[in-house]
Amino acid sequence: MVSSLNIICSWLALPIYIIQGLYIRKTSMRMPPPEQYPFVQLKGKGEPLRLLFIGDSSAAGVGVKDFKQCVAGRTPYLLANKTSKSVTTRTCGNNSATAGELRDFIVPNLERETYDYIIINIGVNDAKNFHTANRFKKEFGGLLYALNAKFPDAKVIWSDLIDLEGIPLLPSPLNKIIGIRARIIRKQGKELCFERGALSPTTNWRVIEENFAEDGFHASAKGYEQWAEELTDYIAELQI
């Protein structure tokens, strides 16, 4: 939960956030995304499950060298194995993307295909950029509307935000400040999903060092594997 005092304290600490944030940006490791495989087709039984992944650097697979190790690359294989169904996926991942950028630049340029599930990985950059609850409500809410309008048959799944306070890269008090901003975004996102018919399963992803890549910020292959397993189990349950 986020109290009014937490929110006020995060704004009062903005100068510290900027100073520490600029230092981390200057000194931290920069990991490029792996070469993406925008389309995956796996043969199985019956009509395929059709998935669309859109989002930020996590959707792009930053943190691993092989796209098949990230959540968008690993999930179709796990899902095909678990359900024995055919699975097709389309992935659009963009470094540093925010909800507003997905709404304004990604969704308008997607073709009107038929999808069963659209998985959105977004929110970390909105929190990191100090977007207010009202701004996120407008931009993420607009993103949900745009997806529902363009892909009316798809179930939209918003990947839950992890506890950003525990990210290894972030020193104190920067980690505490971004943790507050992430909880603001998470609360607003959960409410919007409930109001607008999107799904937002709570994650049990473990915020531990081995689940993070060398940069201490993005997921490692092991972290992405846990994320993909969790998503696979959730989608498989929806098929029953």
# chains A, B, ... in the order shown; residues from 1 in each chain; ligands from 1
call {"tool": "closest_atom_pairs", "arguments": {"of": "segment 75-103 of chain A", "to": "segment 18-37 of chain A", "cutoff": "10 Å", "atoms": "only C-alpha atoms", "output": "tab-separated table"}}
result
residue	atom	partner	partner_atom	distance
A:Thr89	CA	A:Tyr37	CA	9.4
A:Arg90	CA	A:Tyr37	CA	8.3
A:Thr91	CA	A:Tyr37	CA	7.4
A:Cys92	CA	A:Gln36	CA	8.7
A:Gly93	CA	A:Gln36	CA	8.5
A:Asn94	CA	A:Pro33	CA	9.1
A:Asn95	CA	A:Pro33	CA	8.2
call {"tool": "select_by_dssp", "arguments": {"residues": "segment 28-128 of chain A", "states": "helix (DSSP H, G or I)", "output": "PyMOL selection string"}}
result
chain A and resi 57-60+67-69+71-83+99-109+124-128
call {"tool": "write_last_selection", "arguments": {"atoms": "N, CA and C atoms", "output": "mmCIF file, in the first residue's frame"}}
result
data_model
loop_
_atom_site.group_PDB
_atom_site.id
_atom_site.type_symbol
_atom_site.label_atom_id
_atom_site.label_comp_id
_atom_site.auth_asym_id
_atom_site.auth_seq_id
_atom_site.Cartn_x
_atom_site.Cartn_y
_atom_site.Cartn_z
ATOM 1 N N SER A 57 11.678 -2.951 -22.241
ATOM 2 C CA SER A 57 12.884 -3.749 -22.458
ATOM 3 C C SER A 57 12.724 -5.199 -22.011
ATOM 4 N N SER A 58 11.822 -5.464 -21.064
ATOM 5 C CA SER A 58 11.586 -6.849 -20.649
ATOM 6 C C SER A 58 10.933 -7.645 -21.770
ATOM 7 N N ALA A 59 10.009 -7.016 -22.492
ATOM 8 C CA ALA A 59 9.419 -7.678 -23.649
ATOM 9 C C ALA A 59 10.457 -7.862 -24.746
ATOM 10 N N ALA A 60 11.401 -6.916 -24.829
ATOM 11 C CA ALA A 60 12.459 -7.001 -25.838
ATOM 12 C C ALA A 60 13.503 -8.050 -25.488
ATOM 13 N N PHE A 67 17.028 -14.515 -27.454
ATOM 14 C CA PHE A 67 15.629 -14.111 -27.259
ATOM 15 C C PHE A 67 14.774 -15.265 -26.745
ATOM 16 N N LYS A 68 15.129 -16.489 -27.067
ATOM 17 C CA LYS A 68 14.347 -17.637 -26.616
ATOM 18 C C LYS A 68 14.409 -17.824 -25.101
ATOM 19 N N GLN A 69 15.302 -17.091 -24.434
ATOM 20 C CA GLN A 69 15.426 -17.188 -22.982
ATOM 21 C C GLN A 69 14.569 -16.162 -22.252
ATOM 22 N N VAL A 71 10.975 -13.755 -21.525
ATOM 23 C CA VAL A 71 9.592 -14.166 -21.269
ATOM 24 C C VAL A 71 8.791 -14.320 -22.557
ATOM 25 N N ALA A 72 8.977 -13.401 -23.509
ATOM 26 C CA ALA A 72 8.233 -13.487 -24.766
ATOM 27 C C ALA A 72 8.734 -14.626 -25.642
ATOM 28 N N GLY A 73 10.013 -14.957 -25.508
ATOM 29 C CA GLY A 73 10.573 -16.039 -26.307
ATOM 30 C C GLY A 73 10.365 -17.408 -25.697
ATOM 31 N N ARG A 74 10.302 -17.472 -24.372
ATOM 32 C CA ARG A 74 10.195 -18.759 -23.678
ATOM 33 C C ARG A 74 8.758 -19.214 -23.509
ATOM 34 N N THR A 75 7.831 -18.296 -23.278
ATOM 35 C CA THR A 75 6.441 -18.654 -22.989
ATOM 36 C C THR A 75 5.783 -19.517 -24.060
ATOM 37 N N PRO A 76 5.927 -19.196 -25.353
ATOM 38 C CA PRO A 76 5.243 -20.041 -26.345
ATOM 39 C C PRO A 76 5.661 -21.505 -26.292
ATOM 40 N N TYR A 77 6.926 -21.772 -26.013
ATOM 41 C CA TYR A 77 7.401 -23.156 -25.942
ATOM 42 C C TYR A 77 6.838 -23.858 -24.703
ATOM 43 N N LEU A 78 6.819 -23.165 -23.585
ATOM 44 C CA LEU A 78 6.252 -23.745 -22.368
ATOM 45 C C LEU A 78 4.757 -23.982 -22.523
ATOM 46 N N LEU A 79 4.084 -23.026 -23.167
ATOM 47 C CA LEU A 79 2.635 -23.132 -23.329
ATOM 48 C C LEU A 79 2.266 -24.266 -24.284
ATOM 49 N N ALA A 80 3.019 -24.404 -25.367
ATOM 50 C CA ALA A 80 2.777 -25.492 -26.313
ATOM 51 C C ALA A 80 2.986 -26.841 -25.637
ATOM 52 N N ASN A 81 4.018 -26.925 -24.815
ATOM 53 C CA ASN A 81 4.315 -28.174 -24.112
ATOM 54 C C ASN A 81 3.245 -28.498 -23.063
ATOM 55 N N LYS A 82 2.771 -27.484 -22.373
ATOM 56 C CA LYS A 82 1.807 -27.701 -21.289
ATOM 57 C C LYS A 82 0.414 -28.027 -21.813
ATOM 58 N N THR A 83 0.005 -27.385 -22.909
ATOM 59 C CA THR A 83 -1.358 -27.560 -23.419
ATOM 60 C C THR A 83 -1.451 -28.503 -24.605
ATOM 61 N N ALA A 99 3.731 3.523 -20.951
ATOM 62 C CA ALA A 99 2.356 3.210 -21.365
ATOM 63 C C ALA A 99 1.886 4.149 -22.473
ATOM 64 N N GLY A 100 2.215 5.433 -22.342
ATOM 65 C CA GLY A 100 1.796 6.402 -23.349
ATOM 66 C C GLY A 100 2.435 6.148 -24.701
ATOM 67 N N GLU A 101 3.694 5.716 -24.698
ATOM 68 C CA GLU A 101 4.376 5.427 -25.957
ATOM 69 C C GLU A 101 3.806 4.182 -26.624
ATOM 70 N N LEU A 102 3.448 3.183 -25.839
ATOM 71 C CA LEU A 102 2.777 2.013 -26.424
ATOM 72 C C LEU A 102 1.466 2.420 -27.068
ATOM 73 N N ARG A 103 0.706 3.238 -26.342
ATOM 74 C CA ARG A 103 -0.596 3.694 -26.849
ATOM 75 C C ARG A 103 -0.451 4.495 -28.140
ATOM 76 N N ASP A 104 0.534 5.390 -28.176
ATOM 77 C CA ASP A 104 0.628 6.348 -29.281
ATOM 78 C C ASP A 104 1.420 5.853 -30.482
ATOM 79 N N PHE A 105 2.403 4.969 -30.262
ATOM 80 C CA PHE A 105 3.308 4.608 -31.349
ATOM 81 C C PHE A 105 3.289 3.126 -31.722
ATOM 82 N N ILE A 106 3.002 2.260 -30.772
ATOM 83 C CA ILE A 106 3.041 0.827 -31.064
ATOM 84 C C ILE A 106 1.688 0.316 -31.545
ATOM 85 N N VAL A 107 0.655 0.536 -30.742
ATOM 86 C CA VAL A 107 -0.670 -0.005 -31.087
ATOM 87 C C VAL A 107 -1.162 0.497 -32.442
ATOM 88 N N PRO A 108 -1.029 1.794 -32.772
ATOM 89 C CA PRO A 108 -1.523 2.253 -34.083
ATOM 90 C C PRO A 108 -0.827 1.576 -35.265
ATOM 91 N N ASN A 109 0.388 1.068 -35.049
ATOM 92 C CA ASN A 109 1.137 0.463 -36.149
ATOM 93 C C ASN A 109 1.051 -1.059 -36.190
ATOM 94 N N VAL A 124 7.413 -0.116 -15.421
ATOM 95 C CA VAL A 124 8.686 0.173 -14.755
ATOM 96 C C VAL A 124 9.196 1.557 -15.155
ATOM 97 N N ASN A 125 9.150 1.867 -16.438
ATOM 98 C CA ASN A 125 9.652 3.168 -16.886
ATOM 99 C C ASN A 125 8.732 4.309 -16.477
ATOM 100 N N ASP A 126 7.444 4.034 -16.380
ATOM 101 C CA ASP A 126 6.510 5.051 -15.882
ATOM 102 C C ASP A 126 6.856 5.403 -14.439
ATOM 103 N N ALA A 127 7.174 4.371 -13.639
ATOM 104 C CA ALA A 127 7.577 4.601 -12.249
ATOM 105 C C ALA A 127 8.919 5.319 -12.197
ATOM 106 N N LYS A 128 9.867 4.839 -12.988
ATOM 107 C CA LYS A 128 11.222 5.405 -13.001
ATOM 108 C C LYS A 128 11.222 6.858 -13.452
#
call {"tool": "atom_distance", "arguments": {"atom1": "atom CA of Asp163 of chain A", "atom2": "atom CA of Arg206 of chain A"}}
result
9.1 Å
call {"tool": "residues_around", "arguments": {"residues": "Gly63 of chain A", "least_positions_apart": "4", "cutoff": "7 Å", "atoms": "only C-alpha atoms", "output": "compact mmCIF listing (two decimals) with C-alpha atoms, in the first residue's frame"}}
result
# COMPACT_ATOMS: atom_id res chain seq x y z
CA MET A 31 22.88 -4.46 -21.96
CA ALA A 213 21.06 -10.18 -15.07
CA HIS A 218 16.78 -6.69 -15.91
CA ALA A 219 15.81 -10.32 -15.46
CA SER A 220 18.33 -13.11 -15.98
call {"tool": "select_by_dssp", "arguments": {"residues": "segment 28-74 of chain A", "states": "strand (DSSP E)", "output": "number ranges by chain"}}
result
A: 39-42, 45-55
call {"tool": "closest_residue", "arguments": {"among": "A:Ile178, A:Ala133, A:Ile235, A:Cys193", "to": "Ser10 of chain A", "atoms": "only C-alpha atoms"}}
result
A:Ile178
call {"tool": "atom_distance", "arguments": {"atom1": "atom CA of Leu164 of chain A", "atom2": "atom CA of Glu139 of chain A"}}
result
20.8 Å
call {"tool": "atom_distance", "arguments": {"atom1": "atom CA of Ile122 of chain A", "atom2": "atom CA of Leu110 of chain A"}}
result
17.1 Å
call {"tool": "residues_around", "arguments": {"residues": "segment 155-162 of chain A", "least_positions_apart": "3", "cutoff": "6 Å", "atoms": "only C-alpha atoms", "output": "MDAnalysis selection string"}}
result
chainID A and resid 117:121 198:200 202:203
call {"tool": "residues_around", "arguments": {"residues": "Val207 of chain A", "least_positions_apart": "2", "cutoff": "8 Å", "atoms": "only C-alpha atoms", "output": "PyMOL selection string"}}
result
chain A and resi 162-163+166-167+205+209+211
call {"tool": "decode", "arguments": {"residues": "segment 18-92 of chain A", "atoms": "C-alpha atoms", "output": "PDB file, in the first residue's frame"}}
result
ATOM      1  CA  ILE A  18      17.842  12.857  -9.721  1.00  0.00           C
ATOM      2  CA  ILE A  19      21.417  12.952  -8.383  1.00  0.00           C
ATOM      3  CA  GLN A  20      21.605   9.228  -7.628  1.00  0.00           C
ATOM      4  CA  GLY A  21      19.713   8.375 -10.804  1.00  0.00           C
ATOM      5  CA  LEU A  22      22.141  10.308 -13.004  1.00  0.00           C
ATOM      6  CA  TYR A  23      25.094   8.615 -11.323  1.00  0.00           C
ATOM      7  CA  ILE A  24      23.571   5.141 -11.804  1.00  0.00           C
ATOM      8  CA  ARG A  25      22.775   5.947 -15.421  1.00  0.00           C
ATOM      9  CA  LYS A  26      26.376   7.048 -16.019  1.00  0.00           C
ATOM     10  CA  THR A  27      28.081   4.119 -14.287  1.00  0.00           C
ATOM     11  CA  SER A  28      25.746   1.145 -14.751  1.00  0.00           C
ATOM     12  CA  MET A  29      26.177  -1.588 -17.355  1.00  0.00           C
ATOM     13  CA  ARG A  30      24.148  -1.181 -20.541  1.00  0.00           C
ATOM     14  CA  MET A  31      22.885  -4.458 -21.958  1.00  0.00           C
ATOM     15  CA  PRO A  32      21.566  -4.504 -25.529  1.00  0.00           C
ATOM     16  CA  PRO A  33      18.471  -6.531 -26.373  1.00  0.00           C
ATOM     17  CA  PRO A  34      19.023  -9.828 -28.169  1.00  0.00           C
ATOM     18  CA  GLU A  35      17.956 -10.205 -31.751  1.00  0.00           C
ATOM     19  CA  GLN A  36      14.193 -10.507 -31.601  1.00  0.00           C
ATOM     20  CA  TYR A  37      12.110 -13.206 -33.227  1.00  0.00           C
ATOM     21  CA  PRO A  38       8.959 -11.171 -33.907  1.00  0.00           C
ATOM     22  CA  PHE A  39       6.979 -14.240 -34.957  1.00  0.00           C
ATOM     23  CA  VAL A  40       6.963 -17.743 -33.470  1.00  0.00           C
ATOM     24  CA  GLN A  41       4.834 -20.610 -34.799  1.00  0.00           C
ATOM     25  CA  LEU A  42       4.698 -23.924 -32.962  1.00  0.00           C
ATOM     26  CA  LYS A  43       2.589 -26.791 -34.241  1.00  0.00           C
ATOM     27  CA  GLY A  44       0.326 -28.797 -31.958  1.00  0.00           C
ATOM     28  CA  LYS A  45      -3.277 -29.886 -31.679  1.00  0.00           C
ATOM     29  CA  GLY A  46      -6.233 -27.873 -32.882  1.00  0.00           C
ATOM     30  CA  GLU A  47      -6.543 -24.148 -33.392  1.00  0.00           C
ATOM     31  CA  PRO A  48      -3.481 -22.246 -32.213  1.00  0.00           C
ATOM     32  CA  LEU A  49      -3.333 -20.064 -29.141  1.00  0.00           C
ATOM     33  CA  ARG A  50      -2.432 -16.641 -30.527  1.00  0.00           C
ATOM     34  CA  LEU A  51      -0.381 -14.351 -28.299  1.00  0.00           C
ATOM     35  CA  LEU A  52       0.834 -10.781 -28.677  1.00  0.00           C
ATOM     36  CA  PHE A  53       3.586  -9.462 -26.397  1.00  0.00           C
ATOM     37  CA  ILE A  54       4.077  -5.709 -26.226  1.00  0.00           C
ATOM     38  CA  GLY A  55       6.051  -3.625 -23.796  1.00  0.00           C
ATOM     39  CA  ASP A  56       9.375  -2.289 -22.650  1.00  0.00           C
ATOM     40  CA  SER A  57      12.884  -3.749 -22.458  1.00  0.00           C
ATOM     41  CA  SER A  58      11.586  -6.849 -20.649  1.00  0.00           C
ATOM     42  CA  ALA A  59       9.419  -7.678 -23.649  1.00  0.00           C
ATOM     43  CA  ALA A  60      12.459  -7.001 -25.838  1.00  0.00           C
ATOM     44  CA  GLY A  61      14.465  -9.526 -23.811  1.00  0.00           C
ATOM     45  CA  VAL A  62      17.144  -7.265 -22.353  1.00  0.00           C
ATOM     46  CA  GLY A  63      19.172  -9.250 -19.828  1.00  0.00           C
ATOM     47  CA  VAL A  64      19.777 -12.363 -21.928  1.00  0.00           C
ATOM     48  CA  LYS A  65      21.761 -13.062 -25.108  1.00  0.00           C
ATOM     49  CA  ASP A  66      19.190 -15.345 -26.743  1.00  0.00           C
ATOM     50  CA  PHE A  67      15.629 -14.111 -27.259  1.00  0.00           C
ATOM     51  CA  LYS A  68      14.347 -17.637 -26.616  1.00  0.00           C
ATOM     52  CA  GLN A  69      15.426 -17.188 -22.982  1.00  0.00           C
ATOM     53  CA  CYS A  70      13.251 -14.135 -22.285  1.00  0.00           C
ATOM     54  CA  VAL A  71       9.592 -14.166 -21.269  1.00  0.00           C
ATOM     55  CA  ALA A  72       8.233 -13.487 -24.766  1.00  0.00           C
ATOM     56  CA  GLY A  73      10.573 -16.039 -26.307  1.00  0.00           C
ATOM     57  CA  ARG A  74      10.195 -18.759 -23.678  1.00  0.00           C
ATOM     58  CA  THR A  75       6.441 -18.654 -22.989  1.00  0.00           C
ATOM     59  CA  PRO A  76       5.243 -20.041 -26.345  1.00  0.00           C
ATOM     60  CA  TYR A  77       7.401 -23.156 -25.942  1.00  0.00           C
ATOM     61  CA  LEU A  78       6.252 -23.745 -22.368  1.00  0.00           C
ATOM     62  CA  LEU A  79       2.635 -23.132 -23.329  1.00  0.00           C
ATOM     63  CA  ALA A  80       2.777 -25.492 -26.313  1.00  0.00           C
ATOM     64  CA  ASN A  81       4.315 -28.174 -24.112  1.00  0.00           C
ATOM     65  CA  LYS A  82       1.807 -27.701 -21.289  1.00  0.00           C
ATOM     66  CA  THR A  83      -1.358 -27.560 -23.419  1.00  0.00           C
ATOM     67  CA  SER A  84      -0.252 -29.640 -26.460  1.00  0.00           C
ATOM     68  CA  LYS A  85      -1.823 -26.903 -28.587  1.00  0.00           C
ATOM     69  CA  SER A  86      -0.367 -24.959 -31.477  1.00  0.00           C
ATOM     70  CA  VAL A  87       0.945 -21.576 -30.370  1.00  0.00           C
ATOM     71  CA  THR A  88       1.734 -18.489 -32.414  1.00  0.00           C
ATOM     72  CA  THR A  89       3.206 -15.285 -31.026  1.00  0.00           C
ATOM     73  CA  ARG A  90       4.035 -11.756 -32.153  1.00  0.00           C
ATOM     74  CA  THR A  91       6.404  -9.615 -30.085  1.00  0.00           C
ATOM     75  CA  CYS A  92       6.967  -5.844 -30.030  1.00  0.00           C
TER      76      CYS A  92
END
